[in-house]
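Asks: First the structure, then my questions, so here it is.
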There are 2 protein chains.
Amino acid sequence: MGYVHGYSAYEAGRLRNSANALSELLHAGVRYPAGALVLEAPCGVSAQTGFLVRNSPGARFICMDISTLSVAAAAQDWPGPAFLAADIYAPPFLPGAFDHVFACFVLEHLNRPAEALGNLLRVLKPGGTLTSIEGDHGSCFFHPETPEALAAWACLPKLQALLGGDSLIGRRLYSVLAGAGLDDVRVEPIRIYCDPSLPHMMKGFVEDTIVGMLRGIESEVIQRGMLDAAVFRKGVEDILAIKTHPEGAFCYTFFRAIGRKPD
Amino acid sequence: MGYVHGYSAYEAGRLRNSANALSELLHAGVRYPAGALVLEAPCGVSAQTGFLVRNSPGARFICMDISTLSVAAAAQDWPGPAFLAADIYAPPFLPGAFDHVFACFVLEHLNRPAEALGNLLRVLKPGGTLTSIEGDHGSCFFHPETPEALAAWACLPKLQALLGGDSLIGRRLYSVLAGAGLDDVRVEPIRIYCDPSLPHMMKGFVEDTIVGMLRGIESEVIQRGMLDAAVFRKGVEDILAIKTHPEGAFCYTFFRAIGRKPD
């Protein structure tokens with residue numbers, strides 16, 4: 001199974017820029033008590049790790065990712081947490097090892113999300129919480145909406161589906177977590193909204209996150225013949241132009257869910 | 001120009017049920033000071049009027065609507081405000097007559113929203129605020145998503161466009177208000193989210209609001225041949241089934257904007 005965003009240095013930079021713009025919204029209310037042992041799985045290039053550590057300075061973090069390269073880079077940036085390379089389908093920990101689990105932007109990329117979730121639950125203590133944050137590419141709408149922009153954007157969920165993922169999983173997060181056996185599941189949609197009065201959101205979200213994601217898949221879209229290269233590029237430029245359009249608007253919804261492992 | 005929702009008694013009941021479910025969200029933070037004179041334009045069947053009055057008990061409301069029938073019904077329900085039948089393109093008031101204007105679910109139905117807004121601004125005092133609340137039918141996504149459900153839902157923005165409206169105006173509300181000359185425009189998206197843990201939202205929004213709206217346009221959709229009757233009906237049933245589906249989810253975004261008339 002492939003990872004739609006790849007593992008390039010370009011991509012690592014993009015993920016960190018995006019994380020800066022979104023972090024306040026995604027991490028609002030995610031706080032772990034002093035002494036708690038928290039698993040971040042996966043940590044990727046540690047785009048979210050810094051916010052976890054900053055918001056919960058007394059907690060201890062163990063951060064894993066399937067990519068040895070990502071983990072090595074992350075460990076250089078963050079001296080606090082322990083990093084390790086491991087597969088989310090087989091986390092190398094004893095049952096109930098963690099007080100809490102934080103899993104961000106991962107289920108959408110997996111072809112067996114329920115199995116991965118089951119493995120994360122296995123290493124979670126009874127009574128501990130699992131927090132899951134996912135996007136939903138079907139939640140996206142914007143203005144102006146050109147046919148090329150819509151076609152370029154549509155390549156992202158299509159490619160993710162070809163790679164075995166589900167970029168529309170955000171809206172289903174309640175039932176995915178409840179179905180995995182978590183109790184008291186609560187979902188909070190995290191709504192991104194950009195208009196001309198919010199240039200930092202236009203930059204951080206439309207340019208760094210959305211256009212960044214699209215540029216990251218350009219070569220694969222063209223290689224696979226999913227869309228004519230010129231159409232794709234015009235679509236991406238049209239989306240970028242929203243950033244400074246006097247009537248520009250861009251909306252997207254992430255979903256954050258938290259559930260408790262039954263005692 | 002037609003009004004996509006019509007003026008039937010069924011429709012009046014639907015609009016009031018919907019208003020009950022959504023009111024907390026739509027009216028959160030809409031408060032007018034004691035003694036302020038506020039124009040509600042239009043008031044329709046007074047679906048929002050009760051919440052305005054309840055949340056700002058010291059303010060005085062004048063509520064107008066183009067439909068004499070709607071105004072007559074509204075006046076029976078709410079003894080406080082003064083109701084009158086008048087055209088939003090020609091509000092019969094002196095310039096600067098009002099401290100504030102509240103305009104909910106109207107611009108999306110007009111073929112000249114900027115002109116209507118200009119007329120509302122004319123009767124607003126310099127320094128007074130205009131609050132506009134609109135939906136955006138392109139913001140809607142749900143699970144499960146059947147082809148019939150998507151086709152039935154798509155009839156609503158199509159019909160509204162045929163009647164001269166723009167059901168995607170919500171996302172443009174910032175530039176619509178700023179373009180009309182309002183200062184300090186701030187837009188707040190109001191996100192509706194329903195999952196199986198929120199049965200009251202499923203009932204109030206998916207059934208009463210969304211399915212209610214679709215049933216309200218069924219005869220017109222079929223008369224105009226916009227969609228096969230059986231497909232439309234199955235689509236509506238599929239959307240209704242989300243209400244009790246164990247993995248059901250429904251999302252929609254309203255937009256509330258407030259701006260200040262320059263001194």
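Each chain in the structure tokens gets a letter, A, B and so on, in the order shown; residues start at 1 in every chain, and ligands are counted from 1 in the order they appear.
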Do you have, as a tab-separated table, the list of residues of stretch 61-167 of chain B lying at most 6 Å from stretch 231-250 of chain B, each with its nearest atom pair and that distance in Å to one decimal, counting only C-alpha atoms and ordered by chain then number?
Replies:
residue	atom	partner	partner_atom	distance
B:Phe142	CA	B:Phe250	CA	4.3
B:His143	CA	B:Ala249	CA	5.0
B:Glu148	CA	B:Gly235	CA	4.2
B:Ala149	CA	B:Gly235	CA	3.7
B:Ala152	CA	B:Phe232	CA	5.0
Asks: Those residues with C-alpha atoms, as a PDB file, in the first residue's frame please?
Replies:
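Writing done, so here's part-v9.pdb:
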ATOM      1  CA  PHE B 142     -23.230  12.725   4.109  1.00  0.00           C
ATOM      2  CA  HIS B 143     -22.883   8.980   4.578  1.00  0.00           C
ATOM      3  CA  GLU B 148     -30.073   8.699  -5.977  1.00  0.00           C
ATOM      4  CA  ALA B 149     -29.493  10.703  -2.794  1.00  0.00           C
ATOM      5  CA  ALA B 152     -32.174  14.278  -5.421  1.00  0.00           C
TER       6      ALA B 152
END
Asks: Using only C-alpha atoms, find each residue in chain A having at least one atom no more than 10 Å away from chain B; report its shortest atom-to-atom pair and that distance in Å (one decimal), rows by chain then rising number, as JSON lines.
Replies:
{"residue": "A:Asp136", "atom": "CA", "partner": "B:Phe141", "partner_atom": "CA", "distance": 9.7}
{"residue": "A:Gly138", "atom": "CA", "partner": "B:Phe141", "partner_atom": "CA", "distance": 6.9}
{"residue": "A:Ser139", "atom": "CA", "partner": "B:Phe141", "partner_atom": "CA", "distance": 6.4}
{"residue": "A:Cys140", "atom": "CA", "partner": "B:Ser139", "partner_atom": "CA", "distance": 7.5}
{"residue": "A:Phe141", "atom": "CA", "partner": "B:Ser139", "partner_atom": "CA", "distance": 6.4}
{"residue": "A:Phe142", "atom": "CA", "partner": "B:Arg171", "partner_atom": "CA", "distance": 7.1}
{"residue": "A:His143", "atom": "CA", "partner": "B:Arg171", "partner_atom": "CA", "distance": 7.2}
{"residue": "A:Pro144", "atom": "CA", "partner": "B:Arg172", "partner_atom": "CA", "distance": 9.2}
{"residue": "A:Leu168", "atom": "CA", "partner": "B:His143", "partner_atom": "CA", "distance": 9.3}
{"residue": "A:Ile169", "atom": "CA", "partner": "B:His143", "partner_atom": "CA", "distance": 9.7}
{"residue": "A:Gly170", "atom": "CA", "partner": "B:Ala249", "partner_atom": "CA", "distance": 9.9}
{"residue": "A:Arg171", "atom": "CA", "partner": "B:Ala249", "partner_atom": "CA", "distance": 6.2}
{"residue": "A:Arg172", "atom": "CA", "partner": "B:Ala249", "partner_atom": "CA", "distance": 6.6}
{"residue": "A:Leu173", "atom": "CA", "partner": "B:Glu247", "partner_atom": "CA", "distance": 9.0}
{"residue": "A:Tyr174", "atom": "CA", "partner": "B:Asp195", "partner_atom": "CA", "distance": 6.8}
{"residue": "A:Ser175", "atom": "CA", "partner": "B:Glu247", "partner_atom": "CA", "distance": 5.1}
{"residue": "A:Val176", "atom": "CA", "partner": "B:Glu247", "partner_atom": "CA", "distance": 8.0}
{"residue": "A:Ala178", "atom": "CA", "partner": "B:Glu247", "partner_atom": "CA", "distance": 9.4}
{"residue": "A:Gly179", "atom": "CA", "partner": "B:Glu247", "partner_atom": "CA", "distance": 9.0}
{"residue": "A:Asp184", "atom": "CA", "partner": "B:Ser197", "partner_atom": "CA", "distance": 8.9}
{"residue": "A:Val185", "atom": "CA", "partner": "B:Ser197", "partner_atom": "CA", "distance": 8.1}
{"residue": "A:Arg186", "atom": "CA", "partner": "B:Ser197", "partner_atom": "CA", "distance": 7.9}
{"residue": "A:Val187", "atom": "CA", "partner": "B:Asp195", "partner_atom": "CA", "distance": 8.4}
{"residue": "A:Glu188", "atom": "CA", "partner": "B:Tyr193", "partner_atom": "CA", "distance": 8.5}
{"residue": "A:Pro189", "atom": "CA", "partner": "B:Tyr193", "partner_atom": "CA", "distance": 7.4}
{"residue": "A:Ile190", "atom": "CA", "partner": "B:Arg191", "partner_atom": "CA", "distance": 9.2}
{"residue": "A:Arg191", "atom": "CA", "partner": "B:Arg191", "partner_atom": "CA", "distance": 7.6}
{"residue": "A:Ile192", "atom": "CA", "partner": "B:Pro189", "partner_atom": "CA", "distance": 9.1}
{"residue": "A:Tyr193", "atom": "CA", "partner": "B:Pro189", "partner_atom": "CA", "distance": 7.4}
{"residue": "A:Cys194", "atom": "CA", "partner": "B:Arg171", "partner_atom": "CA", "distance": 9.4}
{"residue": "A:Asp195", "atom": "CA", "partner": "B:Tyr174", "partner_atom": "CA", "distance": 6.8}
{"residue": "A:Pro196", "atom": "CA", "partner": "B:Tyr174", "partner_atom": "CA", "distance": 7.8}
{"residue": "A:Ser197", "atom": "CA", "partner": "B:Arg186", "partner_atom": "CA", "distance": 7.9}
{"residue": "A:Leu198", "atom": "CA", "partner": "B:Arg186", "partner_atom": "CA", "distance": 9.7}
{"residue": "A:Pro246", "atom": "CA", "partner": "B:Ser175", "partner_atom": "CA", "distance": 7.1}
{"residue": "A:Glu247", "atom": "CA", "partner": "B:Ser175", "partner_atom": "CA", "distance": 5.1}
{"residue": "A:Gly248", "atom": "CA", "partner": "B:Arg172", "partner_atom": "CA", "distance": 7.5}
{"residue": "A:Ala249", "atom": "CA", "partner": "B:Arg171", "partner_atom": "CA", "distance": 6.2}
{"residue": "A:Phe250", "atom": "CA", "partner": "B:Arg171", "partner_atom": "CA", "distance": 7.7}
{"residue": "A:Cys251", "atom": "CA", "partner": "B:Arg171", "partner_atom": "CA", "distance": 7.9}
{"residue": "A:Tyr252", "atom": "CA", "partner": "B:Ser139", "partner_atom": "CA", "distance": 9.1}
{"residue": "A:Thr253", "atom": "CA", "partner": "B:Arg191", "partner_atom": "CA", "distance": 9.3}
Asks: Do a neighbour search on stretch 69-81 of chain A at 10 Å with only C-alpha atoms, toss out local chain neighbours closer than 5 positions, and write the hits as a ChimeraX atom specification.
Replies: /A:7-9,12,38-40,42-47,49-50,53,57,59-64,86
Asks: Within stretch 20-112 of chain B, find each residue whose DSSP state, derived from the backbone, is strand (DSSP E), and express the selection as a list in words.
Replies: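 After running DSSP on the backbone, stretch 20-112 of chain B has strand (DSSP E) at Leu37, Val38, Leu39, Glu40, Arg60, Phe61, Ile62, Cys63, Met64, Asp65, Ala82, Phe83, Leu84, Ala85, Phe98, Asp99, His100, Val101, Phe102, Ala103 and Cys104 of chain B.
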Asks: Can you pull out the residues contacting B:Ser219? Cut-off 12 Å, using only C-alpha atoms, and skip same-chain residues under 4 positions away; I want them as a list in words.
Replies: Val4, His5, Gly6, Cys155, Leu159, Met213, Leu214, Arg215, Gln223, Arg224, Gly225, Met226, Leu227, Asp228, Ala229, Phe232 and Arg233 of chain B
Asks: From the options A:Ala90, A:Ile133, A:Leu163, A:Ala154, which residue's atoms come nearest to A:Asn111, counting only C-alpha atoms?
Replies: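 For A:Asn111, the nearest of the candidates is A:Leu163.
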Asks: Tell me which protein, DNA and RNA residues are within 7 Å of B:Asp166, counting only C-alpha atoms, leaving out same-chain ones fewer than 4 positions away, and put them as a short mmCIF file (atom, residue, chain, number, x, y, z; two decimals) with N, CA and C atoms, in the first residue's frame.
Replies:
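Writing the result to out_0.cif gives the following:
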data_model
loop_
_atom_site.label_atom_id
_atom_site.label_comp_id
_atom_site.auth_asym_id
_atom_site.auth_seq_id
_atom_site.Cartn_x
_atom_site.Cartn_y
_atom_site.Cartn_z
N GLU B 108 -29.88 34.22 -0.81
CA GLU B 108 -29.79 33.04 -1.67
C GLU B 108 -30.97 32.90 -2.61
N HIS B 109 -32.10 33.54 -2.26
CA HIS B 109 -33.30 33.41 -3.09
C HIS B 109 -33.46 34.54 -4.11
N GLN B 160 -33.27 26.22 -7.42
CA GLN B 160 -33.06 27.56 -6.90
C GLN B 160 -32.41 28.46 -7.97
N ALA B 161 -31.48 27.90 -8.74
CA ALA B 161 -30.84 28.66 -9.82
C ALA B 161 -31.86 28.98 -10.91
#
Asks: As a list in words, please: the residues near stretch 114-127 of chain A (cut-off 7 Å, only C-alpha atoms, same-chain neighbours under 2 positions excluded).
Replies: Ile88, Tyr89, Ala90, Pro91, Phe93, Leu94, Pro95, Gly96, Ala97, Phe98, Asp99, His100, Val101, Arg112, Thr129, Ala180, Arg260, Lys261, Pro262 and Asp263 of chain A
Asks: Using only C-alpha atoms, which of the listed residues (B:Glu207, B:Glu220, B:Glu134, B:Glu145) sits closest to B:Ala257?
Replies: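 Answer, going by the shortest atom-to-atom distance: B:Glu134.
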Asks: Residues within 10 Å of B:Ala28, please, as a list in words. Count only C-alpha atoms; anything in the same chain fewer than 3 positions from it doesn't count.
Replies: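 So, after excluding close chain neighbours, the residues are Ser23, Glu24, Leu25, Arg31, Phe51, Asn55 and Ile190 of chain B.
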Asks: Could those selected residues go to a file with all heavy atoms, as a PDB file, in the first residue's frame?
Replies:
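Writing done, so here's selection_20.pdb:
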ATOM      1  N   SER B  23     -31.936  26.822  15.764  1.00  0.00           N
ATOM      2  CA  SER B  23     -31.933  28.174  16.303  1.00  0.00           C
ATOM      3  C   SER B  23     -30.755  28.453  17.218  1.00  0.00           C
ATOM      4  O   SER B  23     -30.137  29.517  17.137  1.00  0.00           O
ATOM      5  CB  SER B  23     -33.224  28.406  17.071  1.00  0.00           C
ATOM      6  OG  SER B  23     -33.308  27.447  18.103  1.00  0.00           O
ATOM      7  N   GLU B  24     -30.447  27.504  18.087  1.00  0.00           N
ATOM      8  CA  GLU B  24     -29.370  27.739  19.040  1.00  0.00           C
ATOM      9  C   GLU B  24     -28.089  28.080  18.301  1.00  0.00           C
ATOM     10  O   GLU B  24     -27.334  28.965  18.704  1.00  0.00           O
ATOM     11  CB  GLU B  24     -29.143  26.485  19.891  1.00  0.00           C
ATOM     12  CG  GLU B  24     -30.312  26.109  20.776  1.00  0.00           C
ATOM     13  CD  GLU B  24     -30.583  27.158  21.841  1.00  0.00           C
ATOM     14  OE1 GLU B  24     -29.615  27.741  22.348  1.00  0.00           O
ATOM     15  OE2 GLU B  24     -31.760  27.407  22.131  1.00  0.00           O
ATOM     16  N   LEU B  25     -27.850  27.346  17.222  1.00  0.00           N
ATOM     17  CA  LEU B  25     -26.620  27.547  16.467  1.00  0.00           C
ATOM     18  C   LEU B  25     -26.656  28.836  15.671  1.00  0.00           C
ATOM     19  O   LEU B  25     -25.716  29.620  15.665  1.00  0.00           O
ATOM     20  CB  LEU B  25     -26.397  26.358  15.527  1.00  0.00           C
ATOM     21  CG  LEU B  25     -26.140  25.027  16.240  1.00  0.00           C
ATOM     22  CD1 LEU B  25     -26.411  23.841  15.321  1.00  0.00           C
ATOM     23  CD2 LEU B  25     -24.706  24.982  16.743  1.00  0.00           C
ATOM     24  N   ARG B  31     -27.316  39.330  19.598  1.00  0.00           N
ATOM     25  CA  ARG B  31     -27.979  40.022  20.709  1.00  0.00           C
ATOM     26  C   ARG B  31     -28.008  41.512  20.391  1.00  0.00           C
ATOM     27  O   ARG B  31     -26.994  42.071  19.979  1.00  0.00           O
ATOM     28  CB  ARG B  31     -27.201  39.826  22.019  1.00  0.00           C
ATOM     29  CG  ARG B  31     -27.064  38.370  22.465  1.00  0.00           C
ATOM     30  CD  ARG B  31     -28.355  37.779  22.980  1.00  0.00           C
ATOM     31  NE  ARG B  31     -28.184  36.420  23.475  1.00  0.00           N
ATOM     32  CZ  ARG B  31     -28.141  35.320  22.707  1.00  0.00           C
ATOM     33  NH1 ARG B  31     -28.242  35.434  21.387  1.00  0.00           N
ATOM     34  NH2 ARG B  31     -27.992  34.128  23.247  1.00  0.00           N
ATOM     35  N   PHE B  51     -36.827  33.745  18.133  1.00  0.00           N
ATOM     36  CA  PHE B  51     -35.489  33.676  18.720  1.00  0.00           C
ATOM     37  C   PHE B  51     -34.871  35.057  18.852  1.00  0.00           C
ATOM     38  O   PHE B  51     -34.188  35.358  19.825  1.00  0.00           O
ATOM     39  CB  PHE B  51     -34.594  32.753  17.881  1.00  0.00           C
ATOM     40  CG  PHE B  51     -35.141  31.357  17.833  1.00  0.00           C
ATOM     41  CD1 PHE B  51     -35.791  30.896  16.703  1.00  0.00           C
ATOM     42  CD2 PHE B  51     -35.059  30.533  18.942  1.00  0.00           C
ATOM     43  CE1 PHE B  51     -36.329  29.622  16.676  1.00  0.00           C
ATOM     44  CE2 PHE B  51     -35.594  29.258  18.925  1.00  0.00           C
ATOM     45  CZ  PHE B  51     -36.244  28.800  17.780  1.00  0.00           C
ATOM     46  N   ASN B  55     -33.928  36.463  22.536  1.00  0.00           N
ATOM     47  CA  ASN B  55     -32.525  36.737  22.846  1.00  0.00           C
ATOM     48  C   ASN B  55     -32.249  38.219  23.089  1.00  0.00           C
ATOM     49  O   ASN B  55     -31.199  38.559  23.626  1.00  0.00           O
ATOM     50  CB  ASN B  55     -31.629  36.229  21.707  1.00  0.00           C
ATOM     51  CG  ASN B  55     -31.575  34.712  21.672  1.00  0.00           C
ATOM     52  OD1 ASN B  55     -31.839  34.051  22.675  1.00  0.00           O
ATOM     53  ND2 ASN B  55     -31.235  34.156  20.520  1.00  0.00           N
ATOM     54  N   ILE B 190     -21.355  28.247  10.373  1.00  0.00           N
ATOM     55  CA  ILE B 190     -22.114  27.512  11.393  1.00  0.00           C
ATOM     56  C   ILE B 190     -22.298  26.108  10.864  1.00  0.00           C
ATOM     57  O   ILE B 190     -23.040  25.880   9.914  1.00  0.00           O
ATOM     58  CB  ILE B 190     -23.474  28.180  11.654  1.00  0.00           C
ATOM     59  CG1 ILE B 190     -23.252  29.625  12.109  1.00  0.00           C
ATOM     60  CG2 ILE B 190     -24.272  27.390  12.692  1.00  0.00           C
ATOM     61  CD1 ILE B 190     -24.525  30.443  12.122  1.00  0.00           C
TER      62      ILE B 190
END
Asks: Could you tell me how far atom CA of B:Ile258 lies from atom CA of B:His27, in Å and to one decimal?
Replies: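 About the pair atom CA of B:Ile258 and atom CA of B:His27: they are 12.2 Å apart.
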Asks: I'd like to know which residues of stretch 136-226 of chain B are helix (DSSP H, G or I) (by DSSP, run on the backbone); could you write them as a ChimeraX atom specification?
Replies: /B:137-139,147-162,169-179,199-223
Asks: Have a look at atom CA of B:Phe254 and atom CA of A:Gly204 and let me know their distance in Å, one decimal.
Replies: 23.1 Å
